[in-house]
Structure formats: structure tokens, C-alpha cells
Amino acid sequence: MKDLVVHAFQQAHDNFARMLAEFLPRILVMLIIILVGWLAAYLLKMAIRGILRLAKVEKVAEEAGTSRLLRKAALPTMTELMSRAVFWITWLGFIIVGVSVLQIVSLQQQIANLMSLLPQVFVAFLVLFGGMIAANFFSRATLLAAVNRGLPSPKVLSETVRIVIGFLALSMALEQIGLGKQTVEIAFSIVFGSLMLGLAIAFGLGGRDLAQKALEKQFQRKEKEREDDLSPL
Amino acid sequence: MREQGFLSDEFLRQLISVGNVDLLLAITSHNNSKTIGRVVRAVEESLLHNFPRERVALLNVDGGSRDGSNQALLEATSLAKADFFGSLRTLRWITTNAGGGEAQENKLRNILAAADLLHAQACAVVSASLENPDPNWLVSLLTPVYRDNYDFLSPLYSRHKFDGLLTRQLLYPFGRALYGKAMRELRGTEFAFSGRLATHCLSKEGWYNNGSEAGTEMWMAIAAMSGPFRCCQIYLGAKSQASSSTGVVDVIRHAVKGFFWCLESTDSRWLHGVTPEPLKTIGPDHQVSSGSVRVDRKKLFPMYQNGIGQLSQILGSILDPDTHAELVRLAACNEKEFRLAHQLWVRTCYEFAAAYHHSQLNRDHLVQAFVPIYRGRVYSFLTKHRSSSSDEMEADLEELCQEFEHQKVFFFERWRTKEQGGS
């Protein structure tokens with residue numbers, strides 16, 4: 001009995017020692033890969049940051065209104081954000097490669113799933129980001145045009161434009177990652193369709209005379225009225 | 001001579017067949033069938049009587065008219081030929097379609113190329129939209145350039161006292177403060193220039209794309225003021241022009257954006273300070289009339305108030321917190337007490353120009369955000385000068401020019417260093 005117990009312990013010890021002997025170098029390789037990855041990602045981040053500064057990306061972002069959007073969301077500048085994104089994407093890639101060296105089957109499966117989803121998530125983020133920029137730009141353009149032409153409720157118009165474009169971008173992003181594909185499509189169709197129908201009814205019934213005038217103006221190509229007889233120039 | 005790849009083969013063929021000329025007279029047109037005939041006759045009459053021995057070419061650059069302007073031009077030229085048959089003079093007509101509608105950039109580019117290729121000593125540009133063209137104008141425009149070796153001649157018109165407020169309240173004093181030359185009309189549709197200036201302008205890249213919004217006339221005036229060119233201005237009298245349907249928003253979007261673009265493209269010339277120098281003026285340097293005109297003054301103040309309120313966030317990102325706060329305070333004023341003073345107006349203009357330079361916002365949006373402030377300024381001006389005399393208004397304009405001069409240093413600093421608005 002005693003021998004059996006000792007033998008079992010011996011065997012367990014041997015197995016543990018063998019596993020450790022097999023596993024330790026893999027952990028070491030993984031750590032080295034992660035460390036090298038960090039270094040490569042850091043160097044890439046610095047290089048990207050330098051290139052973006054040279055290319056004056058900040059100026060473009062400022063002009064497009066993106067920088068203001070980022071400041072509002074308490075996010076770093078466009079250059080910083082992009083260089084950090086490159087850093088994390090690179091390092092994450094190295095970490096995944098490092099972890100795969102451990103040869104843990106279930107972990108590898110999860111990593112494979114994550115890897116297959118990553119490009120879609122990345123594209124979804126890009127779509128969402130582009131949508132935010134477009135929503136900001138067009139809502140500001142609407143606000144300025146409405147204020148300068150003396151239209152009623154300029155802020156309501158501007159926010160409507162922002163919400164519609166934002167919602168469109170969100171639905172596209174969600175569709176990209178395959179989340180609630182049909183739900184999003186249906187929801188968007190309902191919201192957009194009802195908005196258009198509502199506007200059509202409001203314009204057709206509430207503003208029949210206005211619609212008639214607008215159509216007459218459009219097709220008869222009347223000369224636009226000026227504010228007064230004076231020319232600013 | 002530079003390779004002018006943008007010219008059509010037909011246009012080049014016509015230019016080559018003309019050879020070298022002393023004077024080039026260009027008429028710009030776009031859907032001016034009602035007025036172009038009168039302009040052509042006035043131009044031909046003036047040339048035949050006043051420049052009988054000079055080699056002259058006449059050029060019509062059209063923007064793609066669809067109202068029969070080309071036909072009207074042909075009819076007018078054939079009538080003129082019959083009238084002046086006995087003069088033994090042949091006036092060479094060159095016509096080209098530069099496209100682009102009312103936009104001037106392609107038209108001026110074609111005119112500059114023609115002046116360069118024909119080695120013209122003097123070139124005058126006249127708009128076909130003039131309702132009562134005066135043959136003497138052409139002599140007045142061409143003579144200083146042709147005989148007195150000026151490089152650029154800008155027109156001066158007699159105006160209604162409330163007309164041309166963007167020019168008088170912004171473009172003229174701003175330009176005068178920076179370039180040191182009191183050129184009053186930066187966007188005259190009639191002007192003249194030397195072959196030397198034409199060649200210089202043609203060699204500059206990019207203006208026909210980026211400066212186009214300025215109105216190429218303004219770009220050329222600023223190029224002349226900021227370069228080693230002799231400039232002068234001449235009083236032409238009252239200008240009667242066919243009315244344009246362009247609204248104040250579009251005018252500001254084009255003129256102010258273009259002006260700021262011109263400032264940016266020439267900042268190496270003015271950023272270190274320019275010593276003011278007198279600009280020769282032929283005739284009176286200002287003349288205002290005070291007949292009755294329809295001015296919708298009442299709408300201006302509510303539009304200012306509404307603009308300042310609704311665009312608060314945008315204006316906060318363009319202007320200094322103090323300037324913005326002052327504009328907000330004024331918006332809360334009673335209509336009768338409201339005055340947008342010279343000091344605040346100048347500071348606002350300078351801050352907008354610097355914000356444009358630093359691209360603090362999309363540039364088109366930035367200029368649109370200027371519209372309510374301009375409306376406020378116009379309202380203030382109309383209220384202040386409702387019964388002012390010409391001399392009082394001129395004294396006030398001089399005060400404004402001095403204020404632009406006074407705050408110039410602040411503007412230079414702001415132009416050099418990027419500063420964000422506070423709110």
C-alpha cells in the first residue's frame with residue numbers, strides 16, 4: 001500500500017516535472033514573442049506618430065470637425081488615437097501568436113474565433129467613426145444654412161440630420177459584425193420610412209400651398225429674390 | 001512664354017492668326033444677350049477714336065451662355081463694322097468659350113494667356129453686364145497702363161451710400177492695413193493690367209482653383225499690391241450693372257473665403273509689416289449718392305441675434321472668449337441701443353481670418369458662421385449712418401481703417417500662433 005502511494009506520487013511528480021520541462025520553454029518563447037511584439041509595436045507607434053505629424057493629419061481632422069468630436073468625448077488627438085490603435089493591433093497580433101505557442105487546443109479555438117471576427121470589428125469601428133464625422137459635418141452644415149437663411153428651428157433640423165446619419169452608420173456597423181442583422185435593417189427601414197412618410201404627409205397636407213409655390217418656383221425658374229436692392233460688393 | 005495647355009486649339013489658332021498687339025480688350029460674358037451689344041459698340045467706338053494707330057485685339061470670353069449672347073455679339077460686331085467702314089481700321093475679334101458660367105477663374109486665365117501670347121502691353125477687362133457702358137471708361141482704363149506704365153489699374157465707382165458694404169467695411173480696410181495701399185475696389189469688374197503683370201500672374205500656380213472663390217479680380221488686385229508692381233485707381237463714375245441674383249450668404253462665402261485665401265497665399269509679403277504708401281488716384285477717390293433704395297434693415301438685427309444664439313458653439317471655437325462674450329452681450333441688447341463698434345468688428349474680422357488660416361473649422365463652415373456677424377455690422381452701420389453726409393461717412397471709414405491698422409499687431413501674432421476659442 002505504502003509503495004503504491006509512493007509510486008503514485010513519484011509518477012505524479014515525474015509527470016509534473018515532464019510537463020514543466022515541456023511547458024516552461026513554451027512560456028518562455030511566448031513571453032519573448034510578447035516582449036518582442038511590444039518593442040515592435042512601440043517602434044511602429046512612434047513611426048506612425050511621426051508620419052502622421054508630418055502629413056499634418058491634425059489639421060485635416062481639425063478642419064473636418066473630428067478633433068472637436070474627439071475632444072468632446074475626452075479622447076486623445078487624431079494622431080495619438082491612430083498611433084495607439086496601430087500599437088495595440090500590432091501587439092495584440094504578437095500576443096495571439098505567442099499564446100498559440102502554448103498549444104492549448106481550446107484556447108487556440110477561441111483565438112481562431114477572435115481572429116476571424118477582428119477584421120469585421122475593425123471595419124465596423126471604421127464605419128462608425130466615418131459615420132460620426134459625416135454626421136457632425138452635415139449637421140453643422142445644416143445648422144449654418146438654416147440659420148443664415150432664417151429657417152425656423154435650425155437646431156432641430158441640424159440634430160435630425162445628425163441622428164439620421166448616426167443611426168445609419170450604427171446600423172451599418174452592427175450589420176458588419178453580424179449583430180441583429182435583420183433587426184437593425186427592419187428598424188432602420190421603419191424609422192426612415194416613417195420619417196419620410198411623416199414629412200411627405202406634413203408637406204402635402206399641412207403645406208399644400210407652400211408645396212405648390214415651391215414647385216412653381218422650381219419649374220418656372222423664377223429669379224431668386226435678394227434681401228434688398230444693395231449689393232454687399 | 002509658357003505652354004498654355006488649357007487653351008482650346010481653336011482659341012490658339014485665333015490668337016496665332018492675330019500676332020502681336022499693343023492693346024487687348026477683353027469682354028467677359030455669361031448670359032448677357034441684352035447688354036453685350038451695347039458694350040461691344042461702346043468698346044469699338046472707344047478704340048477706333050482713341051487708339052487709332054495701336055494694334056488692338058478684342059477678346060470675348062464667354063462662360064457658356066445659353067441665351068444667345070454669342071449671336072448678340074456677332075450682330076453687334078457686324079453692325080460696328082458697317083458703322084466704321086470708313087475708318088480703314090480692322091478690329092480683330094477673338095471669341096472663346098471658357099465655360100464655368102459666371103465664375104471668373106477660367107475667363108481670367110484665358111485672358112491672361114491671350115495677353116501673354118499676344119505680347120499685349122496693356123489689357124483691359126470689361127464686363128458684358130454693364131447696362132450703360134461709357135466709351136470713355138475704356139480710355140480711362142487703358143491709358144494709365146499703356147502710356148504711364150502702371151501695372152494694375154483698379155476702378156472706383158460712384159455708389160449709393162449703403163452699397164458695397166462688404167467692400168467698404170471689410171475688404172478695403174483689411175487690405176489697406178496689410179498691403180499698405182488704399183485700393184478701394186478689390187473686386188471691380190472693370191480693370192486693366194500690363195503684360196508684365198499678366199505673365200507674372202500666369203506663372204503662379206493654383207490660384208485658378210483655390211483663389212477662384214475670391215473672384216479672380218480680387219486675386220489679381222492683391223497679386224499686384226503684394227508684388228513689385230505699380231498700381232493706381234481711377235474714378236469711372238456711376239456703375240449701372242444688370243442685377244445679379246446672388247444672395248448675401250453666397251457673396252460672403254465667395255468673397256470672404258477668397259479674400260482669406262488671398263491673404264494666406266501672400267502672407268510672406270505682409271506678415272512682417274508693410275509701410276503704407278500712397279496710391280495714385282485719378283479723379284475723386286470716393287463719391288457716394290443717397291437716393292432711395294430698398295433696404296430690409298428690420299430683418300438684419302433678429303438675424304444677428306438668432307445667429308449668435310444658434311451658432312454659439314461654432315463661434316466659441318473660432319473667436320476669443322472675450323470677443324465671443326461681447327458679441328453675445330450685444331445680441332441681448334435692445335434694437336435701438338445695438339452698436340457693433342469698430343474695435344469689436346475689427347477684432348472679429350481678424351480672429352476669423354486667423355481661424356481660417358489655422359483651419360480651426362471646415363473653411364466653408366467658418367465663413368458661413370461669419371454671416372450673422374456681418375448682418376449685425378450692416379444693421380449697426382445703417383442705423384448709425386441713416387442721415388450721415390458723404391464726408392461724415394468718409395471720416396468714419398477712415399476711423400475704421402485706423403482701427404484695422406491699430407490692431408494689426410494682434411492679428412500678426414494670432415496668425416503666427418494657433419489659439420483656440422475658449423468655449
# chains A, B, ... in the order shown; residues from 1 in each chain; ligands from 1
call {"tool": "closest_atom_pairs", "arguments": {"of": "chain B", "to": "chain A", "cutoff": "6 Å", "atoms": "only C-alpha atoms", "output": "Markdown table"}}
result
| residue | atom | partner | partner_atom | distance |
| --- | --- | --- | --- | --- |
| B:Asp163 | CA | A:Leu230 | CA | 5.2 |
| B:Gly164 | CA | A:Leu233 | CA | 4.1 |
| B:Leu165 | CA | A:Pro232 | CA | 5.1 |
| B:Leu166 | CA | A:Pro232 | CA | 4.9 |
| B:Thr167 | CA | A:Leu233 | CA | 5.3 |
| B:Ser245 | CA | A:Lys224 | CA | 5.6 |
| B:Gly247 | CA | A:Arg226 | CA | 5.6 |
| B:Arg294 | CA | A:Asp229 | CA | 5.4 |
| B:Val295 | CA | A:Asp228 | CA | 5.1 |
| B:Asp296 | CA | A:Asp228 | CA | 5.9 |
| B:Gly307 | CA | A:Val147 | CA | 5.9 |
| B:Ser359 | CA | A:Glu63 | CA | 5.3 |
| B:Gln360 | CA | A:Glu62 | CA | 5.8 |
| B:Leu361 | CA | A:Glu63 | CA | 4.5 |
| B:Asn362 | CA | A:Glu63 | CA | 4.2 |
call {"tool": "residues_around", "arguments": {"residues": "A:Glu80", "least_positions_apart": "5", "cutoff": "10 Å", "atoms": "only C-alpha atoms", "output": "PDB file with N, CA and C atoms, in the first residue's frame"}}
result
ATOM      1  N   LYS A  45       4.483  52.463 -33.471  1.00  0.00           N
ATOM      2  CA  LYS A  45       3.668  53.576 -32.981  1.00  0.00           C
ATOM      3  C   LYS A  45       4.409  54.903 -33.153  1.00  0.00           C
ATOM      4  N   MET A  46       5.705  54.886 -32.770  1.00  0.00           N
ATOM      5  CA  MET A  46       6.486  56.120 -32.888  1.00  0.00           C
ATOM      6  C   MET A  46       6.612  56.547 -34.355  1.00  0.00           C
ATOM      7  N   ILE A  48       4.582  55.750 -36.869  1.00  0.00           N
ATOM      8  CA  ILE A  48       3.275  56.213 -37.376  1.00  0.00           C
ATOM      9  C   ILE A  48       2.983  57.621 -36.873  1.00  0.00           C
ATOM     10  N   ARG A  49       3.295  57.865 -35.586  1.00  0.00           N
ATOM     11  CA  ARG A  49       3.053  59.187 -34.999  1.00  0.00           C
ATOM     12  C   ARG A  49       3.835  60.261 -35.765  1.00  0.00           C
ATOM     13  N   LEU A  52       2.306  60.747 -39.293  1.00  0.00           N
ATOM     14  CA  LEU A  52       1.034  61.487 -39.234  1.00  0.00           C
ATOM     15  C   LEU A  52       1.256  62.966 -38.938  1.00  0.00           C
ATOM     16  N   ARG A  53       2.248  63.240 -38.093  1.00  0.00           N
ATOM     17  CA  ARG A  53       2.540  64.647 -37.788  1.00  0.00           C
ATOM     18  C   ARG A  53       3.074  65.346 -39.028  1.00  0.00           C
ATOM     19  N   GLU A  58      -3.517  66.272 -38.146  1.00  0.00           N
ATOM     20  CA  GLU A  58      -4.256  67.066 -37.150  1.00  0.00           C
ATOM     21  C   GLU A  58      -5.038  68.195 -37.808  1.00  0.00           C
ATOM     22  N   LEU A  75     -11.324  62.091 -25.717  1.00  0.00           N
ATOM     23  CA  LEU A  75     -10.373  61.172 -26.343  1.00  0.00           C
ATOM     24  C   LEU A  75      -9.124  61.952 -26.751  1.00  0.00           C
ATOM     25  N   ALA A  85      -3.804  53.003 -31.813  1.00  0.00           N
ATOM     26  CA  ALA A  85      -4.546  51.886 -32.419  1.00  0.00           C
ATOM     27  C   ALA A  85      -3.578  50.931 -33.113  1.00  0.00           C
ATOM     28  N   VAL A  86      -2.619  51.520 -33.833  1.00  0.00           N
ATOM     29  CA  VAL A  86      -1.615  50.687 -34.524  1.00  0.00           C
ATOM     30  C   VAL A  86      -0.809  49.886 -33.502  1.00  0.00           C
TER      31      VAL A  86
END
call {"tool": "closest_residue", "arguments": {"among": "B:Leu330, B:Ala42, B:Val288, B:Ala355", "to": "B:Glu264", "atoms": "only C-alpha atoms"}}
result
B:Ala355
call {"tool": "closest_residue", "arguments": {"among": "A:Lys2, A:Arg71, A:Lys56, A:Arg26", "to": "A:Gly98", "atoms": "only C-alpha atoms"}}
result
A:Arg26
call {"tool": "residues_around", "arguments": {"residues": "stretch 401-413 of chain B", "least_positions_apart": "5", "cutoff": "6 Å", "atoms": "only C-alpha atoms", "output": "VMD selection string"}}
result
chain B and resid 173 177 346 350
call {"tool": "closest_residue", "arguments": {"among": "B:Gln71, B:Thr266, B:Ser194, B:Ser29", "to": "B:His357", "atoms": "only C-alpha atoms"}}
result
B:Thr266
call {"tool": "select_by_dssp", "arguments": {"residues": "stretch 105-252 of chain B", "states": "helix (DSSP H, G or I)", "output": "count of residues only"}}
result
74
call {"tool": "residues_around", "arguments": {"residues": "B:Ser65", "least_positions_apart": "6", "cutoff": "9 Å", "atoms": "only C-alpha atoms", "output": "PyMOL selection string"}}
result
chain B and resi 29-33+97+99+101
call {"tool": "write_last_selection", "arguments": {"atoms": "N, CA and C atoms", "output": "mmCIF file, in the first residue's frame"}}
result
data_model
loop_
_atom_site.group_PDB
_atom_site.id
_atom_site.type_symbol
_atom_site.label_atom_id
_atom_site.label_comp_id
_atom_site.auth_asym_id
_atom_site.auth_seq_id
_atom_site.Cartn_x
_atom_site.Cartn_y
_atom_site.Cartn_z
ATOM 1 N N SER B 29 -18.378 87.537 -70.472
ATOM 2 C CA SER B 29 -19.842 87.462 -70.563
ATOM 3 C C SER B 29 -20.376 86.125 -70.090
ATOM 4 N N HIS B 30 -21.600 86.153 -69.642
ATOM 5 C CA HIS B 30 -22.356 84.928 -69.379
ATOM 6 C C HIS B 30 -23.834 85.301 -69.325
ATOM 7 N N ASN B 31 -24.548 84.861 -70.315
ATOM 8 C CA ASN B 31 -25.978 85.172 -70.446
ATOM 9 C C ASN B 31 -26.249 86.673 -70.365
ATOM 10 N N ASN B 32 -25.532 87.435 -71.188
ATOM 11 C CA ASN B 32 -25.721 88.892 -71.200
ATOM 12 C C ASN B 32 -26.221 89.362 -72.573
ATOM 13 N N SER B 33 -27.120 88.614 -73.150
ATOM 14 C CA SER B 33 -27.558 88.949 -74.517
ATOM 15 C C SER B 33 -28.188 90.347 -74.584
ATOM 16 N N ASN B 97 -15.016 80.117 -75.597
ATOM 17 C CA ASN B 97 -15.920 79.702 -74.522
ATOM 18 C C ASN B 97 -15.077 79.068 -73.419
ATOM 19 N N GLY B 99 -16.240 78.343 -70.457
ATOM 20 C CA GLY B 99 -17.093 77.520 -69.586
ATOM 21 C C GLY B 99 -17.130 78.083 -68.174
ATOM 22 N N GLY B 101 -19.733 79.106 -66.405
ATOM 23 C CA GLY B 101 -20.835 80.011 -66.066
ATOM 24 C C GLY B 101 -20.351 81.382 -65.652
#
